$ cat entry12.pdb   # PDB, C-alpha atoms, pLDDT in the B column
ATOM      1  CA  ALA A  29      93.837  63.156 132.113  1.00 92.00           C
ATOM      2  CA  VAL A  30      90.491  64.941 132.481  1.00 90.00           C
ATOM      3  CA  GLN A  31      89.004  63.062 129.536  1.00 92.00           C
ATOM      4  CA  ARG A  32      90.115  59.743 131.043  1.00 94.00           C
ATOM      5  CA  LEU A  33      88.690  60.796 134.410  1.00 95.00           C
ATOM      6  CA  TYR A  34      85.357  61.521 132.732  1.00 94.00           C
ATOM      7  CA  GLU A  35      85.327  58.147 130.975  1.00 95.00           C
ATOM      8  CA  LEU A  36      85.948  56.366 134.287  1.00 95.00           C
ATOM      9  CA  THR A  37      83.211  58.253 136.167  1.00 95.00           C
ATOM     10  CA  LYS A  38      80.523  59.082 133.592  1.00 93.00           C
ATOM     11  CA  ASN A  39      78.185  56.321 134.771  1.00 92.00           C
ATOM     12  CA  LYS A  40      78.489  57.230 138.451  1.00 90.00           C
ATOM     13  CA  ASP A  41      76.787  60.018 140.367  1.00 90.00           C
ATOM     14  CA  THR A  42      79.818  62.291 140.524  1.00 96.00           C
ATOM     15  CA  TYR A  43      80.437  65.759 141.954  1.00 97.00           C
ATOM     16  CA  VAL A  44      83.487  67.633 140.693  1.00 96.00           C
ATOM     17  CA  THR A  45      85.111  70.660 142.298  1.00 95.00           C
ATOM     18  CA  THR A  46      88.056  72.637 140.968  1.00 92.00           C
ATOM     19  CA  GLU A  47      90.661  75.025 142.169  1.00 88.00           C
ATOM     20  CA  VAL A  48      91.639  77.931 139.864  1.00 79.00           C
ATOM     21  CA  GLY A  49      93.894  77.817 136.827  1.00 78.00           C
ATOM     22  CA  GLN A  50      94.495  75.814 133.684  1.00 74.00           C
ATOM     23  CA  HIS A  51      93.165  72.623 135.270  1.00 78.00           C
ATOM     24  CA  GLN A  52      89.898  74.483 135.928  1.00 80.00           C
ATOM     25  CA  MET A  53      89.588  75.370 132.246  1.00 81.00           C
ATOM     26  CA  TRP A  54      90.472  71.833 131.145  1.00 77.00           C
ATOM     27  CA  ALA A  55      87.841  70.454 133.529  1.00 86.00           C
ATOM     28  CA  ALA A  56      85.262  72.806 132.000  1.00 85.00           C
ATOM     29  CA  GLN A  57      86.270  71.788 128.485  1.00 84.00           C
ATOM     30  CA  HIS A  58      86.791  68.042 128.878  1.00 81.00           C
ATOM     31  CA  TYR A  59      84.536  66.795 131.689  1.00 91.00           C
ATOM     32  CA  LYS A  60      81.067  66.417 130.186  1.00 93.00           C
ATOM     33  CA  PHE A  61      78.695  67.300 132.995  1.00 88.00           C
ATOM     34  CA  ASN A  62      75.283  65.822 132.258  1.00 84.00           C
ATOM     35  CA  LYS A  63      73.396  66.827 135.419  1.00 88.00           C
ATOM     36  CA  PRO A  64      72.963  70.213 137.090  1.00 89.00           C
ATOM     37  CA  ASN A  65      74.794  71.086 140.308  1.00 90.00           C
ATOM     38  CA  ARG A  66      77.602  68.614 139.698  1.00 92.00           C
ATOM     39  CA  TRP A  67      80.408  71.129 139.043  1.00 92.00           C
ATOM     40  CA  MET A  68      81.520  73.464 141.794  1.00 91.00           C
ATOM     41  CA  THR A  69      84.070  76.104 140.918  1.00 90.00           C
ATOM     42  CA  SER A  70      84.723  79.692 141.906  1.00 86.00           C
ATOM     43  CA  GLY A  71      84.400  80.685 138.252  1.00 79.00           C
ATOM     44  CA  GLY A  72      86.560  83.627 137.238  1.00 71.00           C
ATOM     45  CA  LEU A  73      87.048  84.906 140.769  1.00 72.00           C
ATOM     46  CA  GLY A  74      90.560  83.473 141.016  1.00 73.00           C
ATOM     47  CA  THR A  75      89.950  81.779 144.348  1.00 81.00           C
ATOM     48  CA  MET A  76      92.895  79.423 144.721  1.00 82.00           C
ATOM     49  CA  GLY A  77      92.168  77.055 147.588  1.00 86.00           C
ATOM     50  CA  TYR A  78      88.435  76.749 146.907  1.00 93.00           C
ATOM     51  CA  GLY A  79      88.312  73.211 145.483  1.00 94.00           C
ATOM     52  CA  LEU A  80      89.345  70.961 148.367  1.00 97.00           C
ATOM     53  CA  PRO A  81      87.087  72.591 151.008  1.00 96.00           C
ATOM     54  CA  ALA A  82      84.236  72.538 148.473  1.00 96.00           C
ATOM     55  CA  ALA A  83      84.881  68.828 147.878  1.00 97.00           C
ATOM     56  CA  ILE A  84      84.816  68.202 151.631  1.00 98.00           C
ATOM     57  CA  GLY A  85      81.423  69.924 151.857  1.00 97.00           C
ATOM     58  CA  ALA A  86      80.060  67.958 148.895  1.00 98.00           C
ATOM     59  CA  GLN A  87      81.277  64.651 150.338  1.00 98.00           C
ATOM     60  CA  VAL A  88      79.683  65.394 153.721  1.00 98.00           C
ATOM     61  CA  ALA A  89      76.418  66.277 151.940  1.00 97.00           C
ATOM     62  CA  PHE A  90      76.562  63.227 149.647  1.00 97.00           C
ATOM     63  CA  PRO A  91      78.520  60.559 151.550  1.00 96.00           C
ATOM     64  CA  ASN A  92      77.635  57.736 149.152  1.00 95.00           C
ATOM     65  CA  ASP A  93      78.495  59.566 145.933  1.00 96.00           C
ATOM     66  CA  LYS A  94      81.829  60.078 144.181  1.00 96.00           C
ATOM     67  CA  VAL A  95      83.413  63.491 144.877  1.00 98.00           C
ATOM     68  CA  ILE A  96      86.488  64.584 142.942  1.00 98.00           C
ATOM     69  CA  CYS A  97      88.576  67.725 143.312  1.00 97.00           C
ATOM     70  CA  ILE A  98      90.575  68.633 140.201  1.00 95.00           C
ATOM     71  CA  SER A  99      93.470  70.839 141.190  1.00 93.00           C
ATOM     72  CA  GLY A 100      96.776  72.196 140.026  1.00 88.00           C
ATOM     73  CA  ASP A 101     100.039  71.810 141.896  1.00 87.00           C
ATOM     74  CA  ALA A 102     100.000  75.468 142.957  1.00 84.00           C
ATOM     75  CA  SER A 103      96.322  75.840 143.896  1.00 86.00           C
ATOM     76  CA  ILE A 104      96.243  72.737 146.064  1.00 90.00           C
ATOM     77  CA  GLN A 105      98.960  74.165 148.279  1.00 87.00           C
ATOM     78  CA  MET A 106      96.571  76.875 149.484  1.00 87.00           C
ATOM     79  CA  ASN A 107      94.591  74.380 151.602  1.00 93.00           C
ATOM     80  CA  ILE A 108      96.513  71.110 151.385  1.00 94.00           C
ATOM     81  CA  GLN A 109      96.399  70.785 155.170  1.00 96.00           C
ATOM     82  CA  GLU A 110      92.752  69.762 154.733  1.00 97.00           C
ATOM     83  CA  LEU A 111      94.030  66.330 153.731  1.00 97.00           C
ATOM     84  CA  GLY A 112      93.982  65.898 157.506  1.00 97.00           C
ATOM     85  CA  THR A 113      90.233  66.553 157.499  1.00 98.00           C
ATOM     86  CA  LEU A 114      89.717  63.910 154.801  1.00 97.00           C
ATOM     87  CA  SER A 115      91.650  61.428 156.868  1.00 97.00           C
ATOM     88  CA  GLN A 116      90.112  62.338 160.225  1.00 97.00           C
ATOM     89  CA  TYR A 117      86.536  61.955 158.996  1.00 97.00           C
ATOM     90  CA  GLY A 118      87.129  59.177 156.467  1.00 96.00           C
ATOM     91  CA  LEU A 119      85.868  61.304 153.594  1.00 98.00           C
ATOM     92  CA  LYS A 120      86.398  59.477 150.293  1.00 98.00           C
ATOM     93  CA  VAL A 121      87.268  62.564 148.229  1.00 98.00           C
ATOM     94  CA  LYS A 122      89.581  61.883 145.299  1.00 98.00           C
ATOM     95  CA  LEU A 123      92.026  64.738 144.767  1.00 97.00           C
ATOM     96  CA  ILE A 124      93.440  64.882 141.233  1.00 97.00           C
ATOM     97  CA  ILE A 125      96.481  67.141 140.808  1.00 95.00           C
ATOM     98  CA  ILE A 126      97.187  68.135 137.208  1.00 91.00           C
ATOM     99  CA  ASN A 127     100.853  68.876 137.882  1.00 89.00           C
ATOM    100  CA  ASN A 128     102.860  70.896 135.354  1.00 84.00           C
ATOM    101  CA  ARG A 129     105.242  72.302 137.984  1.00 75.00           C
ATOM    102  CA  TRP A 130     104.051  75.859 137.276  1.00 61.00           C
ATOM    103  CA  GLN A 131     101.397  78.237 138.347  1.00 66.00           C
ATOM    104  CA  GLY A 132     100.091  77.324 134.927  1.00 58.00           C
ATOM    105  CA  MET A 133      97.706  80.142 134.089  1.00 67.00           C
ATOM    106  CA  VAL A 134     100.110  82.731 135.484  1.00 64.00           C
ATOM    107  CA  ARG A 135     102.931  81.248 133.377  1.00 63.00           C
ATOM    108  CA  GLN A 136     100.706  81.251 130.293  1.00 65.00           C
ATOM    109  CA  TRP A 137      99.893  84.943 130.761  1.00 66.00           C
ATOM    110  CA  GLN A 138     103.557  85.782 131.372  1.00 66.00           C
ATOM    111  CA  GLU A 139     104.489  83.885 128.210  1.00 71.00           C
ATOM    112  CA  SER A 140     101.705  85.293 126.037  1.00 66.00           C
ATOM    113  CA  PHE A 141     101.372  88.900 127.159  1.00 67.00           C
ATOM    114  CA  TYR A 142     104.484  89.830 129.142  1.00 66.00           C
ATOM    115  CA  ASP A 143     107.346  88.813 126.839  1.00 75.00           C
ATOM    116  CA  GLU A 144     108.101  85.626 128.805  1.00 71.00           C
ATOM    117  CA  ARG A 145     109.102  87.611 131.883  1.00 72.00           C
ATOM    118  CA  TYR A 146     108.459  84.797 134.342  1.00 69.00           C
ATOM    119  CA  SER A 147     108.104  85.919 137.912  1.00 68.00           C
ATOM    120  CA  SER A 148     107.260  83.635 140.838  1.00 63.00           C
ATOM    121  CA  SER A 149     105.366  81.132 138.682  1.00 63.00           C
ATOM    122  CA  ASP A 150     107.879  78.250 138.441  1.00 65.00           C
ATOM    123  CA  MET A 151     106.949  75.612 141.028  1.00 70.00           C
ATOM    124  CA  SER A 152     109.588  73.007 140.043  1.00 72.00           C
ATOM    125  CA  CYS A 153     111.913  73.872 142.941  1.00 72.00           C
ATOM    126  CA  GLY A 154     110.578  73.475 146.435  1.00 73.00           C
ATOM    127  CA  GLU A 155     107.404  71.656 145.445  1.00 85.00           C
ATOM    128  CA  PRO A 156     106.505  68.959 147.985  1.00 90.00           C
ATOM    129  CA  ASP A 157     106.371  65.263 147.236  1.00 95.00           C
ATOM    130  CA  PHE A 158     102.576  65.181 147.102  1.00 94.00           C
ATOM    131  CA  VAL A 159     102.350  61.400 147.475  1.00 97.00           C
ATOM    132  CA  LYS A 160     104.473  61.369 150.633  1.00 97.00           C
ATOM    133  CA  LEU A 161     102.604  64.388 151.963  1.00 97.00           C
ATOM    134  CA  ALA A 162      99.242  62.678 151.382  1.00 97.00           C
ATOM    135  CA  GLU A 163     100.452  59.523 153.062  1.00 97.00           C
ATOM    136  CA  SER A 164     101.714  61.520 156.054  1.00 97.00           C
ATOM    137  CA  PHE A 165      98.088  62.608 156.543  1.00 97.00           C
ATOM    138  CA  GLY A 166      96.813  59.028 156.175  1.00 97.00           C
ATOM    139  CA  VAL A 167      95.550  59.571 152.607  1.00 98.00           C
ATOM    140  CA  LYS A 168      96.421  57.059 149.871  1.00 98.00           C
ATOM    141  CA  GLY A 169      98.831  58.639 147.377  1.00 98.00           C
ATOM    142  CA  TYR A 170      99.374  57.843 143.702  1.00 97.00           C
ATOM    143  CA  LEU A 171     101.927  59.175 141.232  1.00 97.00           C
ATOM    144  CA  ILE A 172     101.197  58.983 137.516  1.00 96.00           C
ATOM    145  CA  SER A 173     104.261  60.052 135.542  1.00 93.00           C
ATOM    146  CA  ASP A 174     103.649  58.187 132.281  1.00 93.00           C
ATOM    147  CA  ARG A 175     100.606  58.152 130.016  1.00 90.00           C
ATOM    148  CA  LYS A 176     100.715  54.338 130.036  1.00 93.00           C
ATOM    149  CA  GLN A 177      99.905  54.385 133.764  1.00 92.00           C
ATOM    150  CA  LEU A 178      96.915  56.669 133.433  1.00 92.00           C
ATOM    151  CA  GLN A 179      94.081  54.187 132.861  1.00 92.00           C
ATOM    152  CA  ASN A 180      94.988  51.597 135.492  1.00 95.00           C
ATOM    153  CA  GLU A 181      96.358  53.885 138.208  1.00 95.00           C
ATOM    154  CA  LEU A 182      93.506  56.368 137.885  1.00 95.00           C
ATOM    155  CA  LYS A 183      90.921  53.569 138.020  1.00 96.00           C
ATOM    156  CA  ASP A 184      92.637  52.056 141.065  1.00 97.00           C
ATOM    157  CA  ALA A 185      92.635  55.430 142.833  1.00 96.00           C
ATOM    158  CA  LEU A 186      88.979  56.087 142.013  1.00 97.00           C
ATOM    159  CA  ASP A 187      88.033  52.624 143.299  1.00 97.00           C
ATOM    160  CA  HIS A 188      90.019  53.054 146.540  1.00 97.00           C
ATOM    161  CA  ASP A 189      87.670  52.905 149.533  1.00 96.00           C
ATOM    162  CA  GLY A 190      88.929  56.054 151.192  1.00 97.00           C
ATOM    163  CA  PRO A 191      90.458  59.428 150.405  1.00 98.00           C
ATOM    164  CA  ALA A 192      93.108  59.485 147.681  1.00 98.00           C
ATOM    165  CA  LEU A 193      95.482  61.998 146.137  1.00 98.00           C
ATOM    166  CA  ILE A 194      96.503  61.362 142.531  1.00 97.00           C
ATOM    167  CA  ASN A 195      99.489  63.424 141.343  1.00 96.00           C
ATOM    168  CA  ILE A 196      99.463  63.368 137.521  1.00 94.00           C
ATOM    169  CA  LEU A 197     102.601  64.818 135.932  1.00 91.00           C
ATOM    170  CA  VAL A 198     101.773  66.538 132.635  1.00 84.00           C
ATOM    171  CA  ARG A 199     103.729  68.532 130.029  1.00 80.00           C
ATOM    172  CA  ARG A 200     105.157  71.692 131.543  1.00 76.00           C
ATOM    173  CA  GLY A 201     104.504  74.101 128.686  1.00 71.00           C
ATOM    174  CA  GLU A 202     100.951  73.160 127.711  1.00 78.00           C
ATOM    175  CA  ASN A 203      98.669  76.153 127.226  1.00 73.00           C
ATOM    176  CA  CYS A 204      94.931  76.383 127.665  1.00 71.00           C
ATOM    177  CA  TYR A 205      92.775  78.072 125.036  1.00 71.00           C
ATOM    178  CA  PRO A 206      90.686  80.056 124.391  1.00 78.00           C
ATOM    179  CA  MET A 207      91.711  82.891 126.672  1.00 76.00           C
ATOM    180  CA  VAL A 208      90.907  86.579 126.902  1.00 76.00           C
ATOM    181  CA  PRO A 209      93.924  88.936 126.800  1.00 75.00           C
ATOM    182  CA  PRO A 210      94.224  91.550 129.538  1.00 77.00           C
ATOM    183  CA  GLY A 211      91.978  94.550 128.959  1.00 83.00           C
ATOM    184  CA  LYS A 212      90.120  92.889 126.074  1.00 81.00           C
ATOM    185  CA  SER A 213      86.516  91.759 125.695  1.00 87.00           C
ATOM    186  CA  ASN A 214      85.295  88.190 125.271  1.00 82.00           C
ATOM    187  CA  ALA A 215      84.886  88.993 121.565  1.00 86.00           C
ATOM    188  CA  GLN A 216      88.686  89.366 121.380  1.00 83.00           C
ATOM    189  CA  MET A 217      89.607  85.887 122.650  1.00 79.00           C
ATOM    190  CA  VAL A 218      92.895  84.287 121.662  1.00 78.00           C
ATOM    191  CA  GLY A 219      92.793  80.739 120.318  1.00 78.00           C
ATOM    192  CA  TYR A 220      89.031  80.658 119.733  1.00 60.00           C
ATOM    193  CA  VAL A 221      87.889  78.965 116.557  1.00 59.00           C
ATOM    194  CA  ASN A 222      84.477  80.054 115.321  1.00 57.00           C
ATOM    195  CA  CYS A 223      83.010  77.048 113.535  1.00 50.00           C
ATOM    196  CA  GLU A 224      80.615  79.288 111.585  1.00 53.00           C
ATOM    197  CA  ASP A 225      83.446  81.094 109.770  1.00 47.00           C
TER     198      ASP A 225
END
$ encode --input "entry12.pdb" --output "structure tokens"
Amino acid sequence: AVQRLYELTKNKDTYVTTEVGQHQMWAAQHYKFNKPNRWMTSGGLGTMGYGLPAAIGAQVAFPNDKVICISGDASIQMNIQELGTLSQYGLKVKLIIINNRWQGMVRQWQESFYDERYSSSDMSCGEPDFVKLAESFGVKGYLISDRKQLQNELKDALDHDGPALINILVRRGENCYPMVPPGKSNAQMVGYVNCED
């Protein structure tokens, strides 16, 4: 999804914000930023809820440029009420939800380092219908549940002349590597392949 997003926006002046989690790592790995100051993220600070307000600020600062917030289904719920701000001010932010129905990075840690003792990370029950929620705020909503939809639906959403929320359902158990185990140094990453070896 992130690679396709990059392909559809690489020739446009695009600003990308992220929330925190696996989607943040995938954005860092698969969106090829070719200009400075085009990626806004809270880094490793774990600030869920950062991406949408940051996208709002970027869109106000650059009203004629493309602004995209890449989020997860858990992170976006920290400030999802700001869809109302997008609608109220006609801000054309495109909100991409990489939706695996988990708090993905939390689940990955629980799986990898805590013997699969899952606690409060499963979002599959009680998760809102993001498309209906977006539309209730006056934001165009899209649901992409099949890879075959990705190209056309994503392009349509990006071309929409107004704010849009794109809920992309992805595999639930996908992990994001490399990662640093708890209490370890960056030299002890898991899943890192050193090409010099």
$ closest_residue --input "entry12.pdb" --among "A:Leu186, A:Leu80, A:Ala86, A:Val208" --to "Ile108 in chain A" --atoms "all atoms listed in the file"
A:Leu80
$ closest_atom_pairs --input "entry12.pdb" --of "range 52-115 of chain A" --to "range 165-176 of chain A" --cutoff "9 Å" --atoms "all atoms listed in the file" --output "tab-separated table"
residue	atom	partner	partner_atom	distance
A:Gln109	CA	A:Phe165	CA	8.5
A:Leu111	CA	A:Phe165	CA	6.2
A:Gly112	CA	A:Phe165	CA	5.3
A:Thr113	CA	A:Phe165	CA	8.8
A:Leu114	CA	A:Val167	CA	7.6
A:Ser115	CA	A:Gly166	CA	5.7
$ resolve_selection --input "entry12.pdb" --expression "the PyMOL selection byres ((chain A and resi 120) around 8)" --output "VMD selection string"
chain A and resid 87 94 to 95 114 118 to 119 121 to 122 189 to 192
$ atom_distance --input "entry12.pdb" --atom1 "CA of Thr42 in chain A" --atom2 "CA of Asp184 in chain A"
16.4 Å
$ residues_around --input "entry12.pdb" --residues "Met106 in chain A" --least-positions-apart "6" --cutoff "10 Å" --atoms "all atoms listed in the file" --output "PyMOL selection string"
chain A and resi 47+75-80
$ resolve_selection --input "entry12.pdb" --expression "the PyMOL selection byres ((chain A and resi 65-68) around 8)" --output "ChimeraX atom specification"
/A:42-46,61,63-64,69-70,79,82
$ residues_around --input "entry12.pdb" --residues "Asn127 in chain A" --least-positions-apart "2" --cutoff "6 Å" --atoms "all atoms listed in the file" --output "VMD selection string"
chain A and resid 100 to 101 125 129 196 to 198
$ atom_distance --input "entry12.pdb" --atom1 "CA of Val88 in chain A" --atom2 "CA of Asn107 in chain A"
17.5 Å
$ atom_distance --input "entry12.pdb" --atom1 "CA of His58 in chain A" --atom2 "CA of Glu35 in chain A"
10.2 Å
$ closest_residue --input "entry12.pdb" --among "A:Lys38, A:Glu139, A:Lys60, A:Leu161" --to "Pro209 in chain A" --atoms "all atoms listed in the file"
A:Glu139
$ decode --input "entry12.pdb" --residues "range 46-143 of chain A" --atoms "C-alpha atoms" --output "mmCIF file, in the first residue's frame"
data_model
loop_
_atom_site.group_PDB
_atom_site.id
_atom_site.type_symbol
_atom_site.label_atom_id
_atom_site.label_comp_id
_atom_site.auth_asym_id
_atom_site.auth_seq_id
_atom_site.Cartn_x
_atom_site.Cartn_y
_atom_site.Cartn_z
ATOM 1 C CA THR A 46 2.624 9.516 10.212
ATOM 2 C CA GLU A 47 1.192 8.345 13.454
ATOM 3 C CA VAL A 48 3.191 5.775 15.481
ATOM 4 C CA GLY A 49 3.470 2.052 14.864
ATOM 5 C CA GLN A 50 4.100 -0.429 12.089
ATOM 6 C CA HIS A 51 2.646 1.900 9.457
ATOM 7 C CA GLN A 52 5.239 4.490 10.525
ATOM 8 C CA MET A 53 8.055 2.013 9.915
ATOM 9 C CA TRP A 54 6.596 0.917 6.573
ATOM 10 C CA ALA A 55 6.316 4.567 5.519
ATOM 11 C CA ALA A 56 9.984 5.079 6.418
ATOM 12 C CA GLN A 57 10.993 1.965 4.497
ATOM 13 C CA HIS A 58 8.783 2.202 1.412
ATOM 14 C CA TYR A 59 8.050 5.881 0.728
ATOM 15 C CA LYS A 60 11.113 7.267 -1.042
ATOM 16 C CA PHE A 61 11.385 10.844 0.154
ATOM 17 C CA ASN A 62 13.469 12.830 -2.312
ATOM 18 C CA LYS A 63 13.256 16.308 -0.756
ATOM 19 C CA PRO A 64 14.004 17.507 2.773
ATOM 20 C CA ASN A 65 11.214 18.441 5.183
ATOM 21 C CA ARG A 66 8.633 16.258 3.466
ATOM 22 C CA TRP A 67 8.245 13.617 6.206
ATOM 23 C CA MET A 68 6.851 14.596 9.576
ATOM 24 C CA THR A 69 6.822 11.967 12.282
ATOM 25 C CA SER A 70 7.344 11.904 16.024
ATOM 26 C CA GLY A 71 10.198 9.448 15.516
ATOM 27 C CA GLY A 72 10.643 6.967 18.344
ATOM 28 C CA LEU A 73 8.738 9.026 20.887
ATOM 29 C CA GLY A 74 5.620 6.872 20.591
ATOM 30 C CA THR A 75 3.279 9.811 20.115
ATOM 31 C CA MET A 76 0.064 8.222 18.891
ATOM 32 C CA GLY A 77 -2.209 10.971 17.613
ATOM 33 C CA TYR A 78 0.564 13.120 16.136
ATOM 34 C CA GLY A 79 -0.027 12.497 12.419
ATOM 35 C CA LEU A 80 -3.436 14.019 11.704
ATOM 36 C CA PRO A 81 -2.816 17.332 13.538
ATOM 37 C CA ALA A 82 0.598 17.526 11.847
ATOM 38 C CA ALA A 83 -1.082 16.972 8.470
ATOM 39 C CA ILE A 84 -3.577 19.737 9.244
ATOM 40 C CA GLY A 85 -0.700 22.119 10.001
ATOM 41 C CA ALA A 86 1.149 21.134 6.820
ATOM 42 C CA GLN A 87 -1.971 21.595 4.686
ATOM 43 C CA VAL A 88 -2.628 25.047 6.162
ATOM 44 C CA ALA A 89 1.014 25.986 5.476
ATOM 45 C CA PHE A 90 0.981 24.518 1.951
ATOM 46 C CA PRO A 91 -2.635 24.732 0.745
ATOM 47 C CA ASN A 92 -1.819 23.887 -2.878
ATOM 48 C CA ASP A 93 0.346 20.843 -2.175
ATOM 49 C CA LYS A 94 -0.602 17.226 -1.492
ATOM 50 C CA VAL A 95 -0.601 16.322 2.226
ATOM 51 C CA ILE A 96 -1.013 12.705 3.297
ATOM 52 C CA CYS A 97 -1.271 11.240 6.784
ATOM 53 C CA ILE A 98 -0.333 7.556 6.990
ATOM 54 C CA SER A 99 -1.909 6.048 10.066
ATOM 55 C CA GLY A 100 -2.827 2.796 11.712
ATOM 56 C CA ASP A 101 -6.305 1.880 12.875
ATOM 57 C CA ALA A 102 -5.334 2.347 16.529
ATOM 58 C CA SER A 103 -3.282 5.551 16.258
ATOM 59 C CA ILE A 104 -5.885 7.413 14.235
ATOM 60 C CA GLN A 105 -8.420 6.968 17.011
ATOM 61 C CA MET A 106 -6.377 9.259 19.263
ATOM 62 C CA ASN A 107 -7.415 12.361 17.280
ATOM 63 C CA ILE A 108 -9.986 11.146 14.761
ATOM 64 C CA GLN A 109 -12.339 13.943 15.804
ATOM 65 C CA GLU A 110 -10.080 16.266 13.795
ATOM 66 C CA LEU A 111 -11.817 14.957 10.682
ATOM 67 C CA GLY A 112 -14.254 17.710 11.642
ATOM 68 C CA THR A 113 -11.460 20.267 11.267
ATOM 69 C CA LEU A 114 -10.631 18.937 7.792
ATOM 70 C CA SER A 115 -14.248 19.269 6.805
ATOM 71 C CA GLN A 116 -14.854 22.650 8.436
ATOM 72 C CA TYR A 117 -11.887 24.307 6.734
ATOM 73 C CA GLY A 118 -11.959 22.334 3.483
ATOM 74 C CA LEU A 119 -8.459 20.990 4.033
ATOM 75 C CA LYS A 120 -7.610 18.431 1.341
ATOM 76 C CA VAL A 121 -5.606 16.091 3.589
ATOM 77 C CA LYS A 122 -5.677 12.452 2.516
ATOM 78 C CA LEU A 123 -5.751 10.122 5.512
ATOM 79 C CA ILE A 124 -4.498 6.611 4.732
ATOM 80 C CA ILE A 125 -5.294 3.991 7.384
ATOM 81 C CA ILE A 126 -3.160 0.855 7.160
ATOM 82 C CA ASN A 127 -5.696 -1.290 9.007
ATOM 83 C CA ASN A 128 -4.633 -4.661 10.423
ATOM 84 C CA ARG A 129 -7.206 -4.576 13.242
ATOM 85 C CA TRP A 130 -4.439 -4.552 15.873
ATOM 86 C CA GLN A 131 -2.281 -2.142 17.711
ATOM 87 C CA GLY A 132 0.263 -3.583 15.325
ATOM 88 C CA MET A 133 3.585 -2.755 16.940
ATOM 89 C CA VAL A 134 2.258 -3.665 20.381
ATOM 90 C CA ARG A 135 1.003 -7.004 19.015
ATOM 91 C CA GLN A 136 4.354 -7.643 17.337
ATOM 92 C CA TRP A 137 6.216 -7.059 20.608
ATOM 93 C CA GLN A 138 3.762 -9.255 22.520
ATOM 94 C CA GLU A 139 4.227 -11.990 19.918
ATOM 95 C CA SER A 140 8.012 -11.712 19.685
ATOM 96 C CA PHE A 141 9.121 -10.991 23.240
ATOM 97 C CA TYR A 142 6.246 -11.835 25.586
ATOM 98 C CA ASP A 143 5.283 -15.383 24.577
#
